[in-house]
>>> print(open('run_10.cif').read())   # mmCIF, C-alpha atoms and all ligand atoms; chains and numbers go by the auth columns
data_structure
loop_
_atom_site.group_PDB
_atom_site.id
_atom_site.type_symbol
_atom_site.label_atom_id
_atom_site.label_comp_id
_atom_site.label_asym_id
_atom_site.label_seq_id
_atom_site.Cartn_x
_atom_site.Cartn_y
_atom_site.Cartn_z
_atom_site.B_iso_or_equiv
_atom_site.auth_seq_id
_atom_site.auth_asym_id
ATOM 1 C CA MET A 1 124.287 -106.106 43.498 0.00 1419 A
ATOM 2 C CA ASN A 2 127.356 -104.005 42.723 0.00 1420 A
ATOM 3 C CA ILE A 3 129.127 -101.880 45.312 0.00 1421 A
ATOM 4 C CA LEU A 4 127.363 -98.691 44.351 0.00 1422 A
ATOM 5 C CA SER A 5 123.855 -100.102 44.517 0.00 1423 A
ATOM 6 C CA LYS A 6 124.741 -101.857 47.802 0.00 1424 A
ATOM 7 C CA PHE A 7 125.798 -98.482 49.125 0.00 1425 A
ATOM 8 C CA GLU A 8 122.601 -96.875 47.868 0.00 1426 A
ATOM 9 C CA TYR A 9 120.582 -99.665 49.447 0.00 1427 A
ATOM 10 C CA LEU A 10 122.222 -99.107 52.826 0.00 1428 A
ATOM 11 C CA LEU A 11 121.911 -95.358 52.543 0.00 1429 A
ATOM 12 C CA ASN A 12 118.242 -95.700 51.779 0.00 1430 A
ATOM 13 C CA LEU A 13 117.795 -97.999 54.760 0.00 1431 A
ATOM 14 C CA PHE A 14 119.083 -95.362 57.161 0.00 1432 A
ATOM 15 C CA TYR A 15 117.994 -92.260 55.295 0.00 1433 A
ATOM 16 C CA PRO A 16 114.940 -93.237 53.259 0.00 1434 A
ATOM 17 C CA LYS A 17 114.230 -90.941 50.345 0.00 1435 A
ATOM 18 C CA ILE A 18 111.017 -89.045 50.856 0.00 1436 A
ATOM 19 C CA CYS A 19 108.440 -87.577 48.525 0.00 1437 A
ATOM 20 C CA MET A 20 109.184 -83.867 48.029 0.00 1438 A
ATOM 21 C CA SER A 21 105.473 -83.170 48.097 0.00 1439 A
ATOM 22 C CA CYS A 22 103.928 -85.247 50.937 0.00 1440 A
ATOM 23 C CA SER A 23 107.094 -86.363 52.825 0.00 1441 A
ATOM 24 C CA GLN A 24 106.109 -90.074 52.760 0.00 1442 A
ATOM 25 C CA ALA A 25 108.953 -92.543 52.128 0.00 1443 A
ATOM 26 C CA LEU A 26 109.457 -93.324 48.435 0.00 1444 A
ATOM 27 C CA ASN A 27 109.586 -96.897 47.212 0.00 1445 A
ATOM 28 C CA SER A 28 112.425 -98.074 44.966 0.00 1446 A
ATOM 29 C CA GLN A 29 110.432 -97.354 41.792 0.00 1447 A
ATOM 30 C CA GLU A 30 109.625 -93.786 42.761 0.00 1448 A
ATOM 31 C CA GLU A 31 111.831 -90.773 42.148 0.00 1449 A
ATOM 32 C CA THR A 32 111.484 -87.381 43.891 0.00 1450 A
ATOM 33 C CA ILE A 33 107.664 -87.469 44.012 0.00 1451 A
ATOM 34 C CA CYS A 34 105.522 -90.455 45.049 0.00 1452 A
ATOM 35 C CA ILE A 35 103.094 -91.903 42.547 0.00 1453 A
ATOM 36 C CA LYS A 36 100.094 -90.735 44.562 0.00 1454 A
ATOM 37 C CA CYS A 37 101.252 -87.098 44.458 0.00 1455 A
ATOM 38 C CA LEU A 38 102.369 -87.429 40.861 0.00 1456 A
ATOM 39 C CA LEU A 39 98.888 -88.478 39.757 0.00 1457 A
ATOM 40 C CA ARG A 40 97.384 -85.589 41.689 0.00 1458 A
ATOM 41 C CA LEU A 41 99.641 -82.812 40.426 0.00 1459 A
ATOM 42 C CA PRO A 42 97.355 -79.862 39.633 0.00 1460 A
ATOM 43 C CA LYS A 43 98.382 -79.446 35.993 0.00 1461 A
ATOM 44 C CA THR A 44 96.996 -76.399 34.190 0.00 1462 A
ATOM 45 C CA GLY A 45 97.081 -77.768 30.629 0.00 1463 A
ATOM 46 C CA PHE A 46 97.341 -74.104 29.552 0.00 1464 A
ATOM 47 C CA HIS A 47 99.896 -74.853 26.809 0.00 1465 A
ATOM 48 C CA PHE A 48 97.182 -76.509 24.750 0.00 1466 A
ATOM 49 C CA HIS A 49 95.237 -73.232 24.554 0.00 1467 A
ATOM 50 C CA GLU A 50 96.556 -70.116 22.894 0.00 1468 A
ATOM 51 C CA ASP A 51 94.188 -67.960 24.935 0.00 1469 A
ATOM 52 C CA ASN A 52 94.958 -68.859 28.539 0.00 1470 A
ATOM 53 C CA PRO A 53 95.360 -66.954 31.844 0.00 1471 A
ATOM 54 C CA ILE A 54 99.153 -66.777 31.428 0.00 1472 A
ATOM 55 C CA SER A 55 99.156 -65.367 27.900 0.00 1473 A
ATOM 56 C CA ARG A 56 96.511 -62.879 29.086 0.00 1474 A
ATOM 57 C CA VAL A 57 98.892 -61.594 31.763 0.00 1475 A
ATOM 58 C CA PHE A 58 101.104 -60.305 28.939 0.00 1476 A
ATOM 59 C CA TRP A 59 98.412 -59.042 26.570 0.00 1477 A
ATOM 60 C CA GLY A 60 98.869 -55.377 25.772 0.00 1478 A
ATOM 61 C CA ARG A 61 102.138 -55.370 27.668 0.00 1479 A
ATOM 62 C CA ILE A 62 104.543 -57.282 25.471 0.00 1480 A
ATOM 63 C CA ASP A 63 104.434 -59.435 22.335 0.00 1481 A
ATOM 64 C CA ILE A 64 104.901 -63.039 23.479 0.00 1482 A
ATOM 65 C CA ALA A 65 104.681 -65.969 21.022 0.00 1483 A
ATOM 66 C CA ALA A 66 103.060 -68.269 23.604 0.00 1484 A
ATOM 67 C CA ALA A 67 102.931 -68.493 27.400 0.00 1485 A
ATOM 68 C CA THR A 68 102.047 -71.161 29.928 0.00 1486 A
ATOM 69 C CA SER A 69 102.511 -72.474 33.462 0.00 1487 A
ATOM 70 C CA PHE A 70 102.729 -76.161 34.317 0.00 1488 A
ATOM 71 C CA LEU A 71 101.015 -76.284 37.729 0.00 1489 A
ATOM 72 C CA PHE A 72 98.496 -74.364 39.799 0.00 1490 A
ATOM 73 C CA PHE A 73 100.081 -73.024 42.956 0.00 1491 A
ATOM 74 C CA SER A 74 97.937 -72.919 46.067 0.00 1492 A
ATOM 75 C CA LYS A 75 98.892 -72.230 49.646 0.00 1493 A
ATOM 76 C CA GLN A 76 99.282 -75.405 51.748 0.00 1494 A
ATOM 77 C CA GLY A 77 98.950 -77.439 48.587 0.00 1495 A
ATOM 78 C CA ARG A 78 101.201 -80.065 46.974 0.00 1496 A
ATOM 79 C CA VAL A 79 102.856 -77.503 44.726 0.00 1497 A
ATOM 80 C CA GLN A 80 103.683 -75.245 47.646 0.00 1498 A
ATOM 81 C CA SER A 81 105.706 -77.976 49.384 0.00 1499 A
ATOM 82 C CA LEU A 82 107.444 -78.776 46.099 0.00 1500 A
ATOM 83 C CA MET A 83 108.383 -75.138 45.557 0.00 1501 A
ATOM 84 C CA HIS A 84 109.454 -74.784 49.180 0.00 1502 A
ATOM 85 C CA ASN A 85 111.723 -77.813 48.919 0.00 1503 A
ATOM 86 C CA LEU A 86 113.194 -76.448 45.706 0.00 1504 A
ATOM 87 C CA LYS A 87 113.742 -72.853 46.782 0.00 1505 A
ATOM 88 C CA TYR A 88 114.481 -73.002 50.468 0.00 1506 A
ATOM 89 C CA ARG A 89 115.654 -76.517 51.228 0.00 1507 A
ATOM 90 C CA GLY A 90 118.171 -76.901 48.430 0.00 1508 A
ATOM 91 C CA GLN A 91 116.321 -79.770 46.727 0.00 1509 A
ATOM 92 C CA LYS A 92 117.512 -79.046 43.199 0.00 1510 A
ATOM 93 C CA GLU A 93 116.174 -82.346 41.875 0.00 1511 A
ATOM 94 C CA VAL A 94 112.603 -81.107 42.413 0.00 1512 A
ATOM 95 C CA GLY A 95 113.189 -78.438 39.769 0.00 1513 A
ATOM 96 C CA ILE A 96 114.934 -80.817 37.387 0.00 1514 A
ATOM 97 C CA TYR A 97 112.307 -83.536 37.813 0.00 1515 A
ATOM 98 C CA LEU A 98 109.309 -81.232 37.345 0.00 1516 A
ATOM 99 C CA GLY A 99 111.094 -79.505 34.477 0.00 1517 A
ATOM 100 C CA LYS A 100 111.400 -82.877 32.727 0.00 1518 A
ATOM 101 C CA LEU A 101 107.680 -83.587 33.159 0.00 1519 A
ATOM 102 C CA PHE A 102 106.846 -80.084 31.947 0.00 1520 A
ATOM 103 C CA GLY A 103 109.081 -80.523 28.896 0.00 1521 A
ATOM 104 C CA ASN A 104 107.337 -83.764 27.964 0.00 1522 A
ATOM 105 C CA ASP A 105 104.033 -81.885 28.020 0.00 1523 A
ATOM 106 C CA LEU A 106 105.390 -78.954 25.981 0.00 1524 A
ATOM 107 C CA LYS A 107 106.667 -81.312 23.293 0.00 1525 A
ATOM 108 C CA GLU A 108 103.039 -82.312 22.718 0.00 1526 A
ATOM 109 C CA SER A 109 101.857 -78.712 22.438 0.00 1527 A
ATOM 110 C CA PRO A 110 101.510 -77.251 18.929 0.00 1528 A
ATOM 111 C CA LEU A 111 102.149 -73.787 20.425 0.00 1529 A
ATOM 112 C CA PHE A 112 105.628 -74.620 21.701 0.00 1530 A
ATOM 113 C CA GLN A 113 107.294 -76.017 18.599 0.00 1531 A
ATOM 114 C CA ASN A 114 110.327 -74.569 16.778 0.00 1532 A
ATOM 115 C CA ILE A 115 112.045 -73.362 19.929 0.00 1533 A
ATOM 116 C CA ASP A 116 115.830 -73.005 19.551 0.00 1534 A
ATOM 117 C CA LEU A 117 117.022 -72.540 23.092 0.00 1535 A
ATOM 118 C CA ILE A 118 116.070 -72.164 26.735 0.00 1536 A
ATOM 119 C CA ILE A 119 116.982 -69.199 28.931 0.00 1537 A
ATOM 120 C CA PRO A 120 116.296 -69.234 32.686 0.00 1538 A
ATOM 121 C CA ILE A 121 115.498 -65.943 34.425 0.00 1539 A
ATOM 122 C CA PRO A 122 118.759 -65.172 36.224 0.00 1540 A
ATOM 123 C CA LEU A 123 118.682 -64.823 39.996 0.00 1541 A
ATOM 124 C CA HIS A 124 119.906 -61.694 41.738 0.00 1542 A
ATOM 125 C CA PRO A 125 123.622 -62.284 42.527 0.00 1543 A
ATOM 126 C CA LYS A 126 123.011 -61.772 46.265 0.00 1544 A
ATOM 127 C CA LYS A 127 120.268 -64.395 46.278 0.00 1545 A
ATOM 128 C CA LEU A 128 122.406 -66.706 44.185 0.00 1546 A
ATOM 129 C CA ALA A 129 125.175 -66.383 46.757 0.00 1547 A
ATOM 130 C CA THR A 130 122.897 -67.283 49.679 0.00 1548 A
ATOM 131 C CA ARG A 131 120.883 -70.000 47.916 0.00 1549 A
ATOM 132 C CA GLY A 132 123.848 -71.459 46.038 0.00 1550 A
ATOM 133 C CA PHE A 133 121.859 -72.124 42.866 0.00 1551 A
ATOM 134 C CA ASN A 134 119.200 -70.630 40.633 0.00 1552 A
ATOM 135 C CA GLN A 135 115.934 -72.562 40.892 0.00 1553 A
ATOM 136 C CA SER A 136 114.899 -71.440 37.387 0.00 1554 A
ATOM 137 C CA MET A 137 118.111 -72.974 36.071 0.00 1555 A
ATOM 138 C CA MET A 138 117.126 -76.331 37.621 0.00 1556 A
ATOM 139 C CA ILE A 139 113.730 -76.156 35.876 0.00 1557 A
ATOM 140 C CA ALA A 140 115.524 -75.201 32.646 0.00 1558 A
ATOM 141 C CA LYS A 141 117.808 -78.233 33.052 0.00 1559 A
ATOM 142 C CA GLY A 142 114.814 -80.565 33.239 0.00 1560 A
ATOM 143 C CA LEU A 143 113.154 -78.877 30.258 0.00 1561 A
ATOM 144 C CA SER A 144 116.414 -79.069 28.318 0.00 1562 A
ATOM 145 C CA GLU A 145 116.670 -82.785 28.962 0.00 1563 A
ATOM 146 C CA SER A 146 113.190 -83.738 27.815 0.00 1564 A
ATOM 147 C CA MET A 147 112.896 -81.181 24.993 0.00 1565 A
ATOM 148 C CA GLU A 148 116.474 -81.821 23.822 0.00 1566 A
ATOM 149 C CA LEU A 149 117.259 -78.118 23.634 0.00 1567 A
ATOM 150 C CA PRO A 150 120.346 -76.195 24.770 0.00 1568 A
ATOM 151 C CA ILE A 151 120.352 -73.771 27.716 0.00 1569 A
ATOM 152 C CA ASN A 152 121.823 -70.349 27.261 0.00 1570 A
ATOM 153 C CA GLU A 153 122.744 -67.833 29.985 0.00 1571 A
ATOM 154 C CA TYR A 154 123.186 -64.697 27.896 0.00 1572 A
ATOM 155 C CA LEU A 155 120.402 -62.928 29.769 0.00 1573 A
ATOM 156 C CA GLN A 156 122.021 -61.602 32.931 0.00 1574 A
ATOM 157 C CA ARG A 157 121.237 -59.374 35.864 0.00 1575 A
ATOM 158 C CA SER A 158 122.677 -55.897 35.465 0.00 1576 A
ATOM 159 C CA ILE A 159 125.296 -54.966 37.969 0.00 1577 A
ATOM 160 C CA HIS A 160 123.908 -51.478 38.540 0.00 1578 A
ATOM 161 C CA THR A 161 120.271 -51.003 39.390 0.00 1579 A
ATOM 162 C CA SER A 162 119.380 -47.750 41.051 0.00 1580 A
ATOM 163 C CA THR A 163 116.792 -47.586 43.798 0.00 1581 A
ATOM 164 C CA GLN A 164 113.110 -47.847 42.873 0.00 1582 A
ATOM 165 C CA THR A 165 111.850 -45.155 45.242 0.00 1583 A
ATOM 166 C CA LYS A 166 110.773 -41.658 44.153 0.00 1584 A
ATOM 167 C CA LYS A 167 110.441 -42.581 40.499 0.00 1585 A
ATOM 168 C CA SER A 168 107.529 -42.120 38.144 0.00 1586 A
ATOM 169 C CA ARG A 169 105.715 -45.202 36.896 0.00 1587 A
ATOM 170 C CA TYR A 170 107.440 -44.953 33.533 0.00 1588 A
ATOM 171 C CA ASP A 171 110.838 -44.578 35.129 0.00 1589 A
ATOM 172 C CA ARG A 172 110.111 -47.537 37.358 0.00 1590 A
ATOM 173 C CA TRP A 173 109.215 -49.674 34.350 0.00 1591 A
ATOM 174 C CA LYS A 174 112.371 -48.550 32.560 0.00 1592 A
ATOM 175 C CA ASN A 175 114.275 -49.361 35.692 0.00 1593 A
ATOM 176 C CA VAL A 176 112.723 -52.848 35.983 0.00 1594 A
ATOM 177 C CA LYS A 177 113.547 -53.546 32.353 0.00 1595 A
ATOM 178 C CA ASP A 178 117.107 -52.532 32.974 0.00 1596 A
ATOM 179 C CA ILE A 179 117.566 -55.096 35.706 0.00 1597 A
ATOM 180 C CA PHE A 180 118.647 -57.316 32.823 0.00 1598 A
ATOM 181 C CA GLU A 181 121.316 -57.109 30.170 0.00 1599 A
ATOM 182 C CA ILE A 182 122.369 -59.367 27.338 0.00 1600 A
ATOM 183 C CA SER A 183 125.965 -60.453 27.088 0.00 1601 A
ATOM 184 C CA GLU A 184 126.114 -61.918 23.557 0.00 1602 A
ATOM 185 C CA SER A 185 123.265 -60.507 21.511 0.00 1603 A
ATOM 186 C CA ASP A 186 124.709 -61.720 18.185 0.00 1604 A
ATOM 187 C CA SER A 187 124.236 -65.336 19.252 0.00 1605 A
ATOM 188 C CA LEU A 188 120.554 -64.666 19.984 0.00 1606 A
ATOM 189 C CA LYS A 189 119.680 -63.080 16.616 0.00 1607 A
ATOM 190 C CA ASN A 190 116.632 -64.678 14.951 0.00 1608 A
ATOM 191 C CA LYS A 191 116.255 -67.242 17.754 0.00 1609 A
ATOM 192 C CA ASN A 192 113.046 -68.596 19.231 0.00 1610 A
ATOM 193 C CA ILE A 193 113.659 -68.444 22.951 0.00 1611 A
ATOM 194 C CA LEU A 194 111.875 -70.245 25.775 0.00 1612 A
ATOM 195 C CA LEU A 195 112.146 -67.988 28.828 0.00 1613 A
ATOM 196 C CA VAL A 196 111.777 -69.929 32.087 0.00 1614 A
ATOM 197 C CA ASP A 197 110.881 -68.916 35.636 0.00 1615 A
ATOM 198 C CA ASP A 198 109.665 -70.717 38.756 0.00 1616 A
ATOM 199 C CA VAL A 199 106.415 -68.969 39.700 0.00 1617 A
ATOM 200 C CA LEU A 200 104.342 -66.456 37.771 0.00 1618 A
ATOM 201 C CA THR A 201 102.716 -63.803 39.943 0.00 1619 A
ATOM 202 C CA THR A 202 102.508 -60.316 38.415 0.00 1620 A
ATOM 203 C CA GLY A 203 104.691 -61.189 35.424 0.00 1621 A
ATOM 204 C CA ALA A 204 106.817 -58.045 35.872 0.00 1622 A
ATOM 205 C CA THR A 205 110.172 -59.849 35.951 0.00 1623 A
ATOM 206 C CA LEU A 206 109.310 -62.031 32.967 0.00 1624 A
ATOM 207 C CA GLU A 207 108.046 -58.999 31.072 0.00 1625 A
ATOM 208 C CA ALA A 208 111.342 -57.230 31.742 0.00 1626 A
ATOM 209 C CA GLY A 209 113.415 -60.248 30.681 0.00 1627 A
ATOM 210 C CA ALA A 210 111.318 -60.841 27.566 0.00 1628 A
ATOM 211 C CA GLY A 211 111.531 -57.124 26.713 0.00 1629 A
ATOM 212 C CA LYS A 212 115.287 -57.280 26.817 0.00 1630 A
ATOM 213 C CA LEU A 213 115.399 -60.416 24.631 0.00 1631 A
ATOM 214 C CA LEU A 214 113.012 -58.854 22.108 0.00 1632 A
ATOM 215 C CA GLU A 215 115.429 -55.967 21.640 0.00 1633 A
ATOM 216 C CA VAL A 216 117.651 -58.439 19.771 0.00 1634 A
ATOM 217 C CA GLU A 217 116.846 -58.567 16.048 0.00 1635 A
ATOM 218 C CA GLY A 218 114.482 -61.319 14.933 0.00 1636 A
ATOM 219 C CA THR A 219 113.870 -62.965 18.316 0.00 1637 A
ATOM 220 C CA LYS A 220 110.623 -64.556 19.438 0.00 1638 A
ATOM 221 C CA VAL A 221 109.946 -65.199 23.098 0.00 1639 A
ATOM 222 C CA TYR A 222 107.927 -68.052 24.617 0.00 1640 A
ATOM 223 C CA ILE A 223 107.261 -68.088 28.351 0.00 1641 A
ATOM 224 C CA ALA A 224 107.077 -71.139 30.607 0.00 1642 A
ATOM 225 C CA THR A 225 106.826 -71.061 34.389 0.00 1643 A
ATOM 226 C CA LEU A 226 106.593 -74.072 36.643 0.00 1644 A
ATOM 227 C CA ALA A 227 103.745 -72.709 38.732 0.00 1645 A
ATOM 228 C CA TYR A 228 101.031 -70.098 38.500 0.00 1646 A
ATOM 229 C CA ALA A 229 99.916 -68.216 41.609 0.00 1647 A
ATOM 230 C CA ASN A 230 96.522 -66.763 40.872 0.00 1648 A
ATOM 231 C CA ILE A 231 96.615 -63.571 42.946 0.00 1649 A
HETATM 232 ZN ZN ZN B . 103.832 -87.822 47.829 0.00 1 B
#
>>> encode(input="run_10.cif", output="structure tokens", more="lines below")
Ligand SMILES: [Zn+2]
Amino acid sequence: MNILSKFEYLLNLFYPKICMSCSQALNSQEETICIKCLLRLPKTGFHFHEDNPISRVFWGRIDIAAATSFLFFSKQGRVQSLMHNLKYRGQKEVGIYLGKLFGNDLKESPLFQNIDLIIPIPLHPKKLATRGFNQSMMIAKGLSESMELPINEYLQRSIHTSTQTKKSRYDRWKNVKDIFEISESDSLKNKNILLVDDVLTTGATLEAGAGKLLEVEGTKVYIATLAYANI
């Protein structure tokens, strides 16, 4: 045993690593999520079907090449504790780990081939300051590792977004779309982009981000979120 693994051994003795889903202690072979939870992850398998509930969210709204979510989100379920640990308890490795699993699945999907790069939905600067990291970036990191694709941060939050109140529906939509801006549009020309977010609810933020990316000549946008909250 070298010094580092001795240290890890001792650390684990006093602070055992726990499963980010069920909070049981992990054994030495397990990483982030215990095998029991891993086998019971509520995977959607949506990326193997062109017509799925996620792609339907965007139908008639925006032209997306393909869309999917990795897991079903349900209150008090396994995925809720995972997301809670990721977003509110600073457990970045949950995002990276699940992102890796997700990426392995996407590599098998005929709908998610020919992607050039990954872009995470940027977090509002205020939230980024309080949370310290962007959870979508952690998911993107995992995806990047297993799919062997680069991450790009050219999609950014606009500095100025006026208030949403007292606006018509059209103005509100325009306003939502303008929450994003692109810093280097030349580098995105003709690229197939995988746009990543943590949870899909109404799809408004993803629609806005995708809309902005599609303004760049020749781009195609694919959407992947870690979880899907059926509301
Ligand atoms: Zn577990």
>>> resolve_selection(input="run_10.cif", expression="the PyMOL selection byres (((chain A and resi 1638) around 6) and not hetatm)", output="number ranges by chain")
A: 1610, 1637, 1639
>>> atom_distance(input="run_10.cif", atom1="CA of Lys1607 in chain A", atom2="CA of Leu1632 in chain A")
9.6 Å
>>> atom_distance(input="run_10.cif", atom1="CA of Ile1482 in chain A", atom2="CA of Ala1642 in chain A")
11.0 Å
>>> resolve_selection(input="run_10.cif", expression="the PyMOL selection byres (((chain A and resi 1596-1603) around 6) and not hetatm)", output="mmCIF file with C-alpha atoms, in the frame of the given file")
data_model
loop_
_atom_site.group_PDB
_atom_site.id
_atom_site.type_symbol
_atom_site.label_atom_id
_atom_site.label_comp_id
_atom_site.auth_asym_id
_atom_site.auth_seq_id
_atom_site.Cartn_x
_atom_site.Cartn_y
_atom_site.Cartn_z
ATOM 1 C CA TYR A 1572 123.186 -64.697 27.896
ATOM 2 C CA LEU A 1573 120.402 -62.928 29.769
ATOM 3 C CA GLN A 1574 122.021 -61.602 32.931
ATOM 4 C CA ARG A 1575 121.237 -59.374 35.864
ATOM 5 C CA SER A 1576 122.677 -55.897 35.465
ATOM 6 C CA ASN A 1593 114.275 -49.361 35.692
ATOM 7 C CA VAL A 1594 112.723 -52.848 35.983
ATOM 8 C CA LYS A 1595 113.547 -53.546 32.353
ATOM 9 C CA ASP A 1604 124.709 -61.720 18.185
ATOM 10 C CA SER A 1605 124.236 -65.336 19.252
ATOM 11 C CA LEU A 1606 120.554 -64.666 19.984
#
>>> closest_atom_pairs(input="run_10.cif", of="chain A", to="ligand ZN 1 (chain B)", cutoff="10 Å", atoms="only C-alpha atoms and all ligand atoms", output="tab-separated table")
residue	atom	partner	partner_atom	distance
A:Ile1436	CA	B:ZN1	ZN	7.9
A:Cys1437	CA	B:ZN1	ZN	4.7
A:Met1438	CA	B:ZN1	ZN	6.7
A:Ser1439	CA	B:ZN1	ZN	4.9
A:Cys1440	CA	B:ZN1	ZN	4.0
A:Ser1441	CA	B:ZN1	ZN	6.1
A:Gln1442	CA	B:ZN1	ZN	5.9
A:Ala1443	CA	B:ZN1	ZN	8.2
A:Leu1444	CA	B:ZN1	ZN	7.9
A:Glu1448	CA	B:ZN1	ZN	9.7
A:Thr1450	CA	B:ZN1	ZN	8.6
A:Ile1451	CA	B:ZN1	ZN	5.4
A:Cys1452	CA	B:ZN1	ZN	4.2
A:Ile1453	CA	B:ZN1	ZN	6.7
A:Lys1454	CA	B:ZN1	ZN	5.8
A:Cys1455	CA	B:ZN1	ZN	4.3
A:Leu1456	CA	B:ZN1	ZN	7.1
A:Leu1457	CA	B:ZN1	ZN	9.5
A:Arg1458	CA	B:ZN1	ZN	9.2
A:Leu1459	CA	B:ZN1	ZN	9.9
A:Arg1496	CA	B:ZN1	ZN	8.2
A:Leu1500	CA	B:ZN1	ZN	9.9
>>> atom_distance(input="run_10.cif", atom1="CA of Asp1534 in chain A", atom2="CA of Leu1567 in chain A")
6.7 Å
